[in-house]
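Student: Below is the file coords12.tsv, with TSV, C-alpha atoms and all ligand atoms.
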```
chain	number	residue	atom	x	y	z
A	1	MET	CA	-251.74	219.19	5.03
A	2	LYS	CA	-254.24	218.95	7.88
A	3	ILE	CA	-257.48	220.88	7.49
A	4	ALA	CA	-260.01	221.26	10.31
A	5	VAL	CA	-263.56	222.31	9.48
A	6	CYS	CA	-265.85	223.49	12.30
A	7	GLY	CA	-269.51	223.09	11.42
A	8	ALA	CA	-271.25	220.48	9.26
A	9	GLY	CA	-274.08	222.65	7.95
A	10	ALA	CA	-274.37	223.68	4.30
A	11	ALA	CA	-271.16	225.72	4.30
A	12	GLY	CA	-269.01	223.16	6.13
A	13	SER	CA	-270.38	220.05	4.45
A	14	TYR	CA	-270.07	221.34	0.89
A	15	ALA	CA	-266.60	222.65	1.73
A	16	VAL	CA	-265.51	219.26	3.03
A	17	LYS	CA	-266.79	217.42	-0.05
A	18	ARG	CA	-264.95	219.84	-2.33
A	19	LEU	CA	-261.79	219.73	-0.20
A	20	ARG	CA	-261.78	215.93	-0.39
A	21	ALA	CA	-262.06	216.08	-4.17
A	22	ASN	CA	-259.45	218.84	-4.50
A	23	LEU	CA	-256.94	217.43	-2.06
A	24	PRO	CA	-257.01	213.61	-2.00
A	25	GLU	CA	-253.92	213.46	0.22
A	26	ALA	CA	-255.02	216.00	2.83
A	27	GLU	CA	-256.07	214.99	6.31
A	28	ILE	CA	-259.51	216.52	6.88
A	29	LEU	CA	-261.24	216.74	10.26
A	30	LEU	CA	-264.91	217.73	10.46
A	31	PHE	CA	-266.37	218.85	13.80
A	32	ASP	CA	-269.98	219.57	14.61
A	33	ALA	CA	-271.65	220.30	17.91
A	34	ALA	CA	-274.66	218.19	16.88
A	35	PRO	CA	-274.62	214.41	16.27
A	36	VAL	CA	-277.35	214.41	13.63
A	37	GLY	CA	-275.35	214.81	10.40
A	38	PHE	CA	-276.05	217.13	7.47
A	39	TYR	CA	-279.71	218.09	6.99
A	40	ALA	CA	-281.87	220.53	5.05
A	41	LYS	CA	-282.59	223.43	7.40
A	42	MET	CA	-284.68	225.06	4.69
A	43	ARG	CA	-287.18	222.23	4.92
A	44	LEU	CA	-287.71	222.39	8.69
A	45	PRO	CA	-291.05	224.23	8.21
A	46	GLU	CA	-292.33	221.31	6.11
A	47	TYR	CA	-291.32	218.86	8.83
A	48	LEU	CA	-292.97	221.09	11.41
A	49	ALA	CA	-296.13	221.15	9.28
A	50	GLY	CA	-296.14	217.36	9.13
A	51	THR	CA	-295.85	217.33	5.34
A	52	LEU	CA	-292.25	216.01	5.25
A	53	PRO	CA	-291.13	212.95	7.23
A	54	ARG	CA	-288.17	213.59	9.51
A	55	GLU	CA	-285.89	211.16	7.64
A	56	LYS	CA	-286.37	213.12	4.39
A	57	LEU	CA	-284.70	216.13	6.00
A	58	ILE	CA	-281.43	214.27	6.30
A	59	LEU	CA	-279.12	214.93	3.36
A	60	SER	CA	-276.24	212.85	4.76
A	61	ALA	CA	-276.62	210.76	7.90
A	62	PRO	CA	-273.47	210.22	10.01
A	63	GLU	CA	-272.98	206.74	8.41
A	64	GLN	CA	-273.00	208.33	4.94
A	65	MET	CA	-270.66	211.10	6.06
A	66	ALA	CA	-268.22	208.41	7.17
A	67	ASP	CA	-267.82	207.63	3.44
A	68	TRP	CA	-266.60	211.17	2.75
A	69	GLY	CA	-263.09	210.07	3.71
A	70	VAL	CA	-262.70	212.53	6.55
A	71	GLU	CA	-262.19	212.16	10.28
A	72	LEU	CA	-265.65	212.83	11.72
A	73	HIS	CA	-266.22	214.45	15.11
A	74	LEU	CA	-270.00	214.78	15.28
A	75	GLY	CA	-271.51	215.71	18.63
A	76	GLU	CA	-268.15	217.23	19.60
A	77	PRO	CA	-268.44	221.03	19.93
A	78	VAL	CA	-265.29	223.06	19.44
A	79	THR	CA	-264.83	225.15	22.56
A	80	ALA	CA	-261.77	227.20	21.58
A	81	ILE	CA	-259.45	227.88	18.67
A	82	SER	CA	-255.91	229.19	18.79
A	83	PRO	CA	-254.58	230.69	15.56
A	84	ALA	CA	-251.22	231.25	17.29
A	85	SER	CA	-250.62	227.58	18.08
A	86	HIS	CA	-252.76	226.25	15.18
A	87	THR	CA	-254.89	224.17	17.54
A	88	LEU	CA	-258.53	223.77	18.44
A	89	THR	CA	-260.04	222.38	21.60
A	90	THR	CA	-263.01	220.12	22.31
A	91	ALA	CA	-264.03	218.18	25.43
A	92	ALA	CA	-261.94	215.30	24.01
A	93	GLY	CA	-258.72	217.33	23.90
A	94	ASP	CA	-256.65	219.48	21.54
A	95	TYR	CA	-256.25	218.98	17.79
A	96	THR	CA	-253.68	220.59	15.52
A	97	TRP	CA	-254.41	221.99	12.06
A	98	ASP	CA	-252.59	223.71	9.22
A	99	ILE	CA	-255.75	225.33	7.87
A	100	LEU	CA	-258.91	226.04	9.85
A	101	LEU	CA	-262.28	226.66	8.20
A	102	LEU	CA	-264.97	228.13	10.45
A	103	ALA	CA	-268.49	227.25	9.28
A	104	VAL	CA	-270.29	227.52	12.61
A	105	GLY	CA	-273.39	229.21	11.26
A	106	ALA	CA	-275.80	231.35	13.23
A	107	ARG	CA	-278.48	231.07	15.87
A	108	ALA	CA	-282.00	232.47	16.04
A	109	PHE	CA	-282.31	235.84	17.74
A	110	VAL	CA	-284.78	236.25	20.58
A	111	PRO	CA	-285.29	239.95	21.38
A	112	PRO	CA	-284.72	240.89	25.02
A	113	VAL	CA	-288.41	241.65	25.59
A	114	PRO	CA	-289.40	241.07	29.23
A	115	GLY	CA	-290.61	237.51	29.76
A	116	LEU	CA	-289.56	236.20	26.35
A	117	PRO	CA	-286.03	234.78	26.64
A	118	ASP	CA	-286.69	232.84	29.87
A	119	SER	CA	-290.09	231.31	29.20
A	120	PRO	CA	-290.33	227.58	28.41
A	121	ARG	CA	-293.27	228.47	26.14
A	122	VAL	CA	-290.97	230.42	23.83
A	123	HIS	CA	-289.28	228.61	20.93
A	124	VAL	CA	-287.29	229.26	17.77
A	125	LEU	CA	-286.96	227.26	14.56
A	126	ARG	CA	-283.29	227.02	13.61
A	127	GLU	CA	-282.02	223.52	14.35
A	128	LEU	CA	-283.59	220.07	14.01
A	129	PRO	CA	-284.01	219.69	17.81
A	130	ASP	CA	-286.01	222.98	17.78
A	131	ALA	CA	-288.39	221.44	15.25
A	132	ASP	CA	-288.57	218.15	17.19
A	133	ALA	CA	-289.52	220.08	20.34
A	134	LEU	CA	-292.17	222.11	18.50
A	135	VAL	CA	-293.71	219.04	16.86
A	136	LYS	CA	-294.28	217.53	20.32
A	137	LEU	CA	-296.03	220.72	21.47
A	138	CYS	CA	-298.38	220.91	18.50
A	139	VAL	CA	-301.62	219.96	20.20
A	140	PRO	CA	-304.57	220.94	17.99
A	141	GLY	CA	-306.52	223.88	19.37
A	142	THR	CA	-303.52	225.38	21.20
A	143	ASP	CA	-303.12	229.15	20.88
A	144	ALA	CA	-299.81	230.07	19.28
A	145	ALA	CA	-298.18	233.37	18.40
A	146	VAL	CA	-295.45	233.83	15.83
A	147	ILE	CA	-293.34	236.92	16.44
A	148	GLY	CA	-291.96	238.08	13.09
A	149	GLY	CA	-293.90	238.10	9.85
A	150	GLY	CA	-290.93	237.63	7.51
A	151	LEU	CA	-290.69	234.71	5.09
A	152	LEU	CA	-289.58	232.25	7.75
A	153	GLY	CA	-292.16	233.49	10.27
A	154	LEU	CA	-294.98	233.12	7.76
A	155	GLU	CA	-293.81	229.63	6.77
A	156	ALA	CA	-293.68	228.64	10.43
A	157	ALA	CA	-297.14	230.14	11.04
A	158	PHE	CA	-298.55	228.02	8.19
A	159	ALA	CA	-296.85	224.94	9.62
A	160	LEU	CA	-298.36	225.48	13.07
A	161	GLN	CA	-301.80	226.08	11.60
A	162	LYS	CA	-301.48	222.91	9.55
A	163	ARG	CA	-300.95	221.08	12.86
A	164	GLY	CA	-304.28	222.50	14.08
A	165	LEU	CA	-303.05	225.39	16.23
A	166	ALA	CA	-304.83	228.77	16.33
A	167	VAL	CA	-302.10	231.13	15.16
A	168	SER	CA	-301.58	234.87	15.62
A	169	ILE	CA	-298.83	236.62	13.67
A	170	ILE	CA	-297.15	239.67	15.19
A	171	GLU	CA	-295.20	241.88	12.79
A	172	ALA	CA	-293.46	245.12	13.80
A	173	ALA	CA	-293.54	246.61	10.28
A	174	PRO	CA	-296.75	248.30	9.16
A	175	ARG	CA	-297.36	245.58	6.56
A	176	LEU	CA	-296.33	242.01	5.75
A	177	LEU	CA	-293.11	241.39	3.80
A	178	PRO	CA	-292.32	245.08	3.22
A	179	LEU	CA	-288.93	244.21	1.68
A	180	GLN	CA	-290.31	241.65	-0.73
A	181	MET	CA	-293.68	243.16	-1.74
A	182	ASN	CA	-295.19	246.51	-2.70
A	183	GLU	CA	-298.14	247.92	-0.75
A	184	GLU	CA	-300.81	246.38	-3.00
A	185	GLU	CA	-299.28	242.89	-2.92
A	186	SER	CA	-298.82	243.14	0.82
A	187	THR	CA	-302.48	244.09	1.33
A	188	ALA	CA	-303.58	241.11	-0.78
A	189	LEU	CA	-301.31	238.80	1.22
A	190	LEU	CA	-302.73	240.11	4.51
A	191	ALA	CA	-306.28	239.46	3.27
A	192	ASN	CA	-305.29	235.90	2.32
A	193	PHE	CA	-303.84	235.26	5.75
A	194	ILE	CA	-306.92	236.63	7.51
A	195	ASN	CA	-309.21	234.55	5.24
A	196	ALA	CA	-307.12	231.49	6.08
A	197	GLY	CA	-307.92	232.01	9.75
A	198	PHE	CA	-304.80	233.74	11.05
A	199	LYS	CA	-304.99	236.74	13.36
A	200	VAL	CA	-302.47	239.23	12.05
A	201	HIS	CA	-301.16	242.20	14.04
A	202	THR	CA	-299.04	244.52	11.88
A	203	GLY	CA	-297.25	247.61	13.17
A	204	ALA	CA	-297.25	245.77	16.50
A	205	ALA	CA	-294.61	246.04	19.19
A	206	VAL	CA	-294.37	243.27	21.76
A	207	GLU	CA	-294.10	244.81	25.22
A	208	ARG	CA	-293.87	241.69	27.40
A	209	PHE	CA	-294.80	238.04	27.65
A	210	ASP	CA	-296.64	236.78	30.69
A	211	ASP	CA	-295.83	233.12	31.08
A	212	ALA	CA	-298.35	232.47	33.87
A	213	SER	CA	-301.35	233.66	31.84
A	214	ALA	CA	-299.76	232.65	28.51
A	215	GLN	CA	-300.40	236.07	27.03
A	216	LEU	CA	-298.30	238.24	24.81
A	217	HIS	CA	-298.89	241.91	25.57
A	218	LEU	CA	-298.58	244.39	22.73
A	219	ARG	CA	-297.78	248.05	23.26
A	220	ASP	CA	-301.25	249.10	22.03
A	221	GLY	CA	-302.80	247.18	24.95
A	222	THR	CA	-303.81	244.05	23.00
A	223	ALA	CA	-303.29	240.75	24.84
A	224	VAL	CA	-302.60	237.89	22.40
A	225	PRO	CA	-303.26	234.38	23.78
A	226	ALA	CA	-300.11	232.28	23.30
A	227	SER	CA	-299.53	228.99	25.05
A	228	LEU	CA	-296.73	228.60	22.52
A	229	VAL	CA	-294.61	231.43	21.10
A	230	LEU	CA	-292.38	231.00	18.08
A	231	VAL	CA	-289.89	233.82	17.61
A	232	SER	CA	-288.72	234.47	14.07
A	233	ALA	CA	-286.83	237.72	14.45
A	234	GLY	CA	-283.67	237.11	12.46
A	235	ILE	CA	-280.35	235.44	13.15
A	236	ARG	CA	-277.08	236.28	14.86
A	237	ALA	CA	-273.80	234.78	13.62
A	238	ASN	CA	-272.02	232.46	16.06
A	239	LEU	CA	-269.02	234.59	16.90
A	240	ASP	CA	-267.81	233.28	20.27
A	241	LEU	CA	-264.99	231.07	18.95
A	242	ALA	CA	-263.69	233.79	16.64
A	243	LYS	CA	-264.03	236.65	19.13
A	244	ASN	CA	-262.33	234.72	21.92
A	245	ALA	CA	-259.44	234.03	19.55
A	246	GLY	CA	-259.11	237.72	18.69
A	247	LEU	CA	-260.37	237.46	15.09
A	248	ALA	CA	-261.92	240.60	13.60
A	249	CYS	CA	-265.70	240.36	13.93
A	250	ASN	CA	-268.52	242.69	13.12
A	251	ARG	CA	-272.00	241.23	12.48
A	252	GLY	CA	-270.12	238.17	11.28
A	253	ILE	CA	-266.51	236.98	11.23
A	254	VAL	CA	-264.96	239.47	8.86
A	255	VAL	CA	-263.49	237.84	5.75
A	256	ASP	CA	-261.75	239.25	2.70
A	257	ALA	CA	-262.52	238.42	-0.92
A	258	SER	CA	-260.60	235.15	-0.50
A	259	LEU	CA	-262.75	234.25	2.53
A	260	ARG	CA	-259.73	234.65	4.82
A	261	THR	CA	-260.29	235.95	8.33
A	262	SER	CA	-257.93	238.36	10.07
A	263	ALA	CA	-255.85	235.37	11.33
A	264	PRO	CA	-253.41	233.59	9.02
A	265	ASP	CA	-254.63	230.19	7.76
A	266	VAL	CA	-258.14	230.70	9.19
A	267	TYR	CA	-261.09	231.00	6.78
A	268	ALA	CA	-264.80	231.54	7.48
A	269	VAL	CA	-267.85	230.77	5.35
A	270	GLY	CA	-271.64	230.67	5.48
A	271	ASP	CA	-273.92	232.27	8.05
A	272	CYS	CA	-271.03	233.01	10.44
A	273	ALA	CA	-269.04	235.01	7.88
A	274	GLU	CA	-269.29	238.66	6.92
A	275	LEU	CA	-268.17	239.37	3.39
A	276	ILE	CA	-268.16	242.98	2.17
A	277	GLY	CA	-270.29	243.97	5.15
A	278	VAL	CA	-272.91	241.28	4.51
A	279	VAL	CA	-273.87	238.13	6.42
A	280	THR	CA	-275.96	236.48	3.73
A	281	GLY	CA	-278.06	234.01	5.75
A	282	LEU	CA	-278.84	231.97	2.63
A	283	TRP	CA	-278.40	228.28	1.82
A	284	LEU	CA	-276.97	228.67	-1.66
A	285	ALA	CA	-274.61	231.44	-0.62
A	286	SER	CA	-273.32	229.19	2.19
A	287	LYS	CA	-272.80	226.30	-0.23
A	288	ASP	CA	-271.15	228.62	-2.73
A	289	GLN	CA	-268.82	230.08	-0.10
A	290	GLY	CA	-267.93	226.64	1.29
A	291	GLU	CA	-266.99	225.34	-2.14
A	292	ALA	CA	-265.14	228.53	-3.03
A	293	ALA	CA	-263.12	228.32	0.19
A	294	ALA	CA	-262.22	224.71	-0.61
A	295	ASP	CA	-260.95	225.84	-4.01
A	296	ILE	CA	-259.02	228.72	-2.50
A	297	ILE	CA	-257.45	226.47	0.13
A	298	ALA	CA	-256.51	223.92	-2.52
A	299	GLY	CA	-254.94	226.75	-4.49
A	300	LYS	CA	-252.34	227.07	-1.74
A	301	ILE	CA	-250.79	223.86	-2.99
A	302	PRO	CA	-248.38	224.97	-5.70
A	303	ALA	CA	-249.71	222.55	-8.34
A	304	MET	CA	-253.11	224.29	-8.27
A	305	PRO	CA	-253.60	227.90	-9.29
A	306	PRO	CA	-254.98	230.17	-6.55
A	307	LYS	CA	-258.58	231.21	-6.97
A	308	THR	CA	-260.41	234.10	-5.41
A	309	TYR	CA	-264.06	234.03	-4.38
A	310	ARG	CA	-266.22	236.65	-6.03
A	311	PRO	CA	-269.65	237.05	-4.45
A	312	LYS	CA	-272.59	236.65	-6.81
A	313	PRO	CA	-274.19	240.05	-7.33
A	314	LYS	CA	-277.63	240.90	-5.96
A	315	LEU	CA	-278.29	237.91	-3.72
A	316	PRO	CA	-281.94	238.17	-2.63
A	317	ALA	CA	-282.59	238.98	1.03
A	318	PHE	CA	-284.02	236.08	3.00
A	401	LIG	C1	-286.28	227.16	9.09
A	401	LIG	C2	-285.29	227.73	8.11
A	401	LIG	C3	-285.69	227.97	6.80
A	401	LIG	C4	-284.78	228.48	5.88
A	401	LIG	N1	-285.19	228.69	4.60
A	401	LIG	C5	-284.30	229.15	3.71
A	401	LIG	C6	-284.68	229.37	2.36
A	401	LIG	O1	-285.83	229.15	1.97
A	401	LIG	N2	-283.72	229.82	1.50
A	401	LIG	C7	-282.43	230.06	1.90
A	401	LIG	O2	-281.59	230.44	1.08
A	401	LIG	N3	-282.05	229.89	3.17
A	401	LIG	C8	-282.94	229.45	4.08
A	401	LIG	N4	-282.56	229.28	5.37
A	401	LIG	C9	-281.17	229.66	5.77
A	401	LIG	C10	-280.18	228.52	5.48
A	401	LIG	O3	-280.64	227.31	5.98
A	401	LIG	C11	-278.84	228.92	6.09
A	401	LIG	O4	-278.38	230.09	5.45
A	401	LIG	C12	-277.78	227.83	5.97
A	401	LIG	O5	-278.23	226.64	6.58
A	401	LIG	C13	-276.46	228.28	6.60
A	401	LIG	O6	-275.55	227.24	6.56
A	401	LIG	P1	-274.25	227.28	7.48
A	401	LIG	O7	-273.53	226.01	7.21
A	401	LIG	O8	-273.53	228.56	7.30
A	401	LIG	O9	-274.79	227.32	8.97
A	401	LIG	P2	-275.61	226.26	9.78
A	401	LIG	O10	-276.57	225.51	8.92
A	401	LIG	O11	-276.15	227.00	10.96
A	401	LIG	O12	-274.53	225.19	10.28
A	401	LIG	C14	-273.59	225.51	11.25
A	401	LIG	C15	-273.18	224.24	11.94
A	401	LIG	O13	-272.13	224.56	12.85
A	401	LIG	C16	-272.30	223.81	14.02
A	401	LIG	N5	-271.61	224.51	15.10
A	401	LIG	C17	-271.92	225.68	15.67
A	401	LIG	N6	-271.05	225.99	16.64
A	401	LIG	C18	-270.17	224.97	16.67
A	401	LIG	C19	-269.03	224.68	17.47
A	401	LIG	N7	-268.60	225.53	18.41
A	401	LIG	N8	-268.36	223.53	17.27
A	401	LIG	C20	-268.76	222.66	16.32
A	401	LIG	N9	-269.85	222.87	15.54
A	401	LIG	C21	-270.52	224.02	15.71
A	401	LIG	C22	-273.81	223.72	14.20
A	401	LIG	O14	-274.15	222.58	14.98
A	401	LIG	C23	-274.29	223.60	12.76
A	401	LIG	O15	-274.46	222.26	12.37
A	401	LIG	C24	-283.45	228.78	6.31
A	401	LIG	C25	-283.06	228.52	7.63
A	401	LIG	C26	-283.97	228.00	8.52
A	401	LIG	C27	-283.52	227.75	9.94
```
Could you write out this structure as structure tokens?

Tutor:
Amino acid sequence: MKIAVCGAGAAGSYAVKRLRANLPEAEILLFDAAPVGFYAKMRLPEYLAGTLPREKLILSAPEQMADWGVELHLGEPVTAISPASHTLTTAAGDYTWDILLLAVGARAFVPPVPGLPDSPRVHVLRELPDADALVKLCVPGTDAAVIGGGLLGLEAAFALQKRGLAVSIIEAAPRLLPLQMNEEESTALLANFINAGFKVHTGAAVERFDDASAQLHLRDGTAVPASLVLVSAGIRANLDLAKNAGLACNRGIVVDASLRTSAPDVYAVGDCAELIGVVTGLWLASKDQGEAAADIIAGKIPAMPPKTYRPKPKLPAF
């Protein structure tokens, strides 16, 4: 059996480790667009803050992944998949597979506000190169604005402040963390942020970003100085490969309770997958799905009983 896994993030890496253990004889190919190996995305804010050295982010460097007993294709993005011919394509050529596991994750969403998507001042924090770029731009005293006061936005705001930047936080909701906190807790949190030196704009809509003057204009007329803008406005699943191959997609690649997509022998897990209408966007859920898919795939071999993934109830929103 030849299994191809696209994506070496949490979902793909944990899937590959479990596949190797489940199926010692299988040929396993692991592709990732990035050359860096498997790293802890969750800890990028600590690296950005300067409190975690870059090397501590790395969970498995490419040399360590070589010991996983799989054929590694790091830095080799998959450009197309064909469920009909059971092939995938990269710049190096075509590869065949019996089973394909899509674990291509998600990307940060930048709202189409005039001036935002095209400005070199505007950044996101999703991948290690994003953090590397931000670290280089962290000159103490620089004005920065973080768009999005969710958990990740607040973590990123702290990180930038720790680097000595003067940080404004722009949140569209009338208060901070409305999903996680009640009104009283939210008010206390806001006071803490203001005391810590942040400028916080709640109930604020960004109207446009003016790159030349480095100002973020809010709908209420406020101009927020921002030589650097960090957008933390949610994620969008990477759907291109699946959509181009005709797989059913909604907010994510639609999978059934066995993590199977609409195409035979193609599975999807992690931030790219939509299970019971939900794209979880969580590390542990991605790991859990990756390992569950590996068990389900191994169950196709007659000696092993088939297993079905059951999502854990009440996963917290991130
Ligand atoms: C800054 C930050 C903080 C976070 N904090 C938390 C937290 O506190 N708690 C929590 O639960 N979650 C947190 N998360 C979310 C968590 O990290 C993700 O849910 C998890 O990493 C998803 O894993 P994944 O493998 O599905 O996707 P990803 O980690 O996105 O991995 C997908 C991989 O696929 C590769 N890929 C994409 N397209 C292709 C292609 N065409 N060909 C080959 N490879 C491709 C990418 O290079 C990438 O390596 C955080 C995320 C970030 C960015």

Student: Using only C-alpha atoms, find each residue in stretch 184-294 of chain A having at least one atom no more than 9 Å away from stretch 162-166 of chain A; report its shortest atom-to-atom pair and that distance in Å (one decimal), rows by chain then rising number, as a Markdown table.

Tutor:
```
| residue | atom | partner | partner_atom | distance |
| --- | --- | --- | --- | --- |
| A:Gly197 | CA | A:Ala166 | CA | 8.0 |
| A:Phe198 | CA | A:Ala166 | CA | 7.3 |
| A:Lys199 | CA | A:Ala166 | CA | 8.5 |
```

Student: Neighbours of ligand LIG 401 (chain A) within 7 Å, counting all atoms listed in the file, as a ChimeraX atom specification?

Tutor: /A:6-12,31-34,40-45,76-79,103-107,125-127,152,238,241,269-272,281-284,286,318

Student: Take every atom of stretch 38-47 of chain A listed in the file, pad by 6 Å on each side, and give me the axis-aligned box centre and edge lengths in Å, one decimal, as AutoDock Vina command-line options.

Tutor:
```
--center_x -284.2 --center_y 221.1 --center_z 6.8 --size_x 28.3 --size_y 19.9 --size_z 16.1
```

Student: Would you pick out the contacts of A:Leu228 at 10 Å or less, using only C-alpha atoms, so that residues sharing its chain but fewer than 6 positions from it are not included, and give the list as a list in words?

Tutor: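 Non-adjacent residues within range: Ser119, Pro120, Arg121, Val122, His123, Leu134, Leu137, Cys138, Thr142, Asp143, Ala144, Ala145, Val146, Leu165, Val167, Asp211, Ala214 and Gln215 of chain A.
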
Student: I need the residue nearest A:Arg20 from this list: A:Leu176, A:Val70, A:Ala188, A:Pro35. Use all atoms listed in the file for the distance.

Tutor: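 Closest to A:Arg20 of all the choices is A:Val70.
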
Student: Within 8 Å of A:Leu100, counting only C-alpha atoms, which residues show up once you throw out same-chain ones fewer than 3 positions away? Write them as a CSV table (one decimal) with C-alpha atoms, in the coordinates of the input, please.

Tutor:
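In the end it all went to out_8.csv:
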```csv
chain,number,residue,atom,x,y,z
A,3,ILE,CA,-257.5,220.9,7.5
A,4,ALA,CA,-260.0,221.3,10.3
A,5,VAL,CA,-263.6,222.3,9.5
A,6,CYS,CA,-265.8,223.5,12.3
A,97,TRP,CA,-254.4,222.0,12.1
A,265,ASP,CA,-254.6,230.2,7.8
A,266,VAL,CA,-258.1,230.7,9.2
A,267,TYR,CA,-261.1,231.0,6.8
```

Student: What residues have an atom no more than 10 Å from (-265.6, 240.2, 14.1) in the file's own frame, counting only C-alpha atoms, and can you write them as number ranges by chain?

Tutor: A: 237, 239-240, 242-243, 246-255, 261-262, 272-274

Student: Record the distance separating atom CA of A:Val139 and atom CA of A:Gly50, expressed in Å with one decimal.

Tutor: 12.6 Å

Student: Pick the closest to A:Leu23 from A:Glu155, A:Glu71, A:Asp295, A:Asp256: which is it, counting all atoms listed in the file?

Tutor: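 The shortest atom-to-atom distance to A:Leu23 comes from A:Asp295.
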
Student: State, in Å with one decimal place, the distance from atom CA of A:Gly234 to atom CA of A:Gly148.

Tutor: 8.4 Å

Student: Atom CA of A:Ser232 to atom CA of A:Leu160: how many Å, to one decimal?

Tutor: 13.2 Å

Student: With distances taken over all atoms listed in the file, which of A:Leu128, A:Ile276, A:Ala294, A:Leu101 is nearest to A:Glu55?

Tutor: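 Once distances to A:Glu55 are computed over all atoms listed in the file, the minimum belongs to A:Leu128.
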
Student: If we count all atoms listed in the file and set the cut-off at 7 Å, which residues sit around stretch 111-115 of chain A, ignoring sequence neighbours fewer than 5 positions away in its own chain? Please answer as number ranges by chain.

Tutor: A: 207-211

Student: Looking at A:Ala21, A:Ala285, A:Val16, A:Ala80, which one is nearest to A:Ala66, with distances taken over only C-alpha atoms?

Tutor: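 For A:Ala66, the nearest of the candidates is A:Val16.
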
Student: Could you tell me which of A:Ala26, A:Val36, A:Ile170, A:Leu179 comes closest to A:Thr202 if we count all atoms listed in the file?

Tutor: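 Among A:Ala26, A:Val36, A:Ile170, A:Leu179, it is A:Ile170 that comes nearest to A:Thr202.
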
Student: Near A:Met65, within 8 Å and counting all atoms listed in the file, which residues show up once chain neighbours fewer than 5 positions away are dropped, as a list in words?

Tutor: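 With the cut-off at 8 Å, the set is Gly37, Ser60 and Leu72 of chain A.
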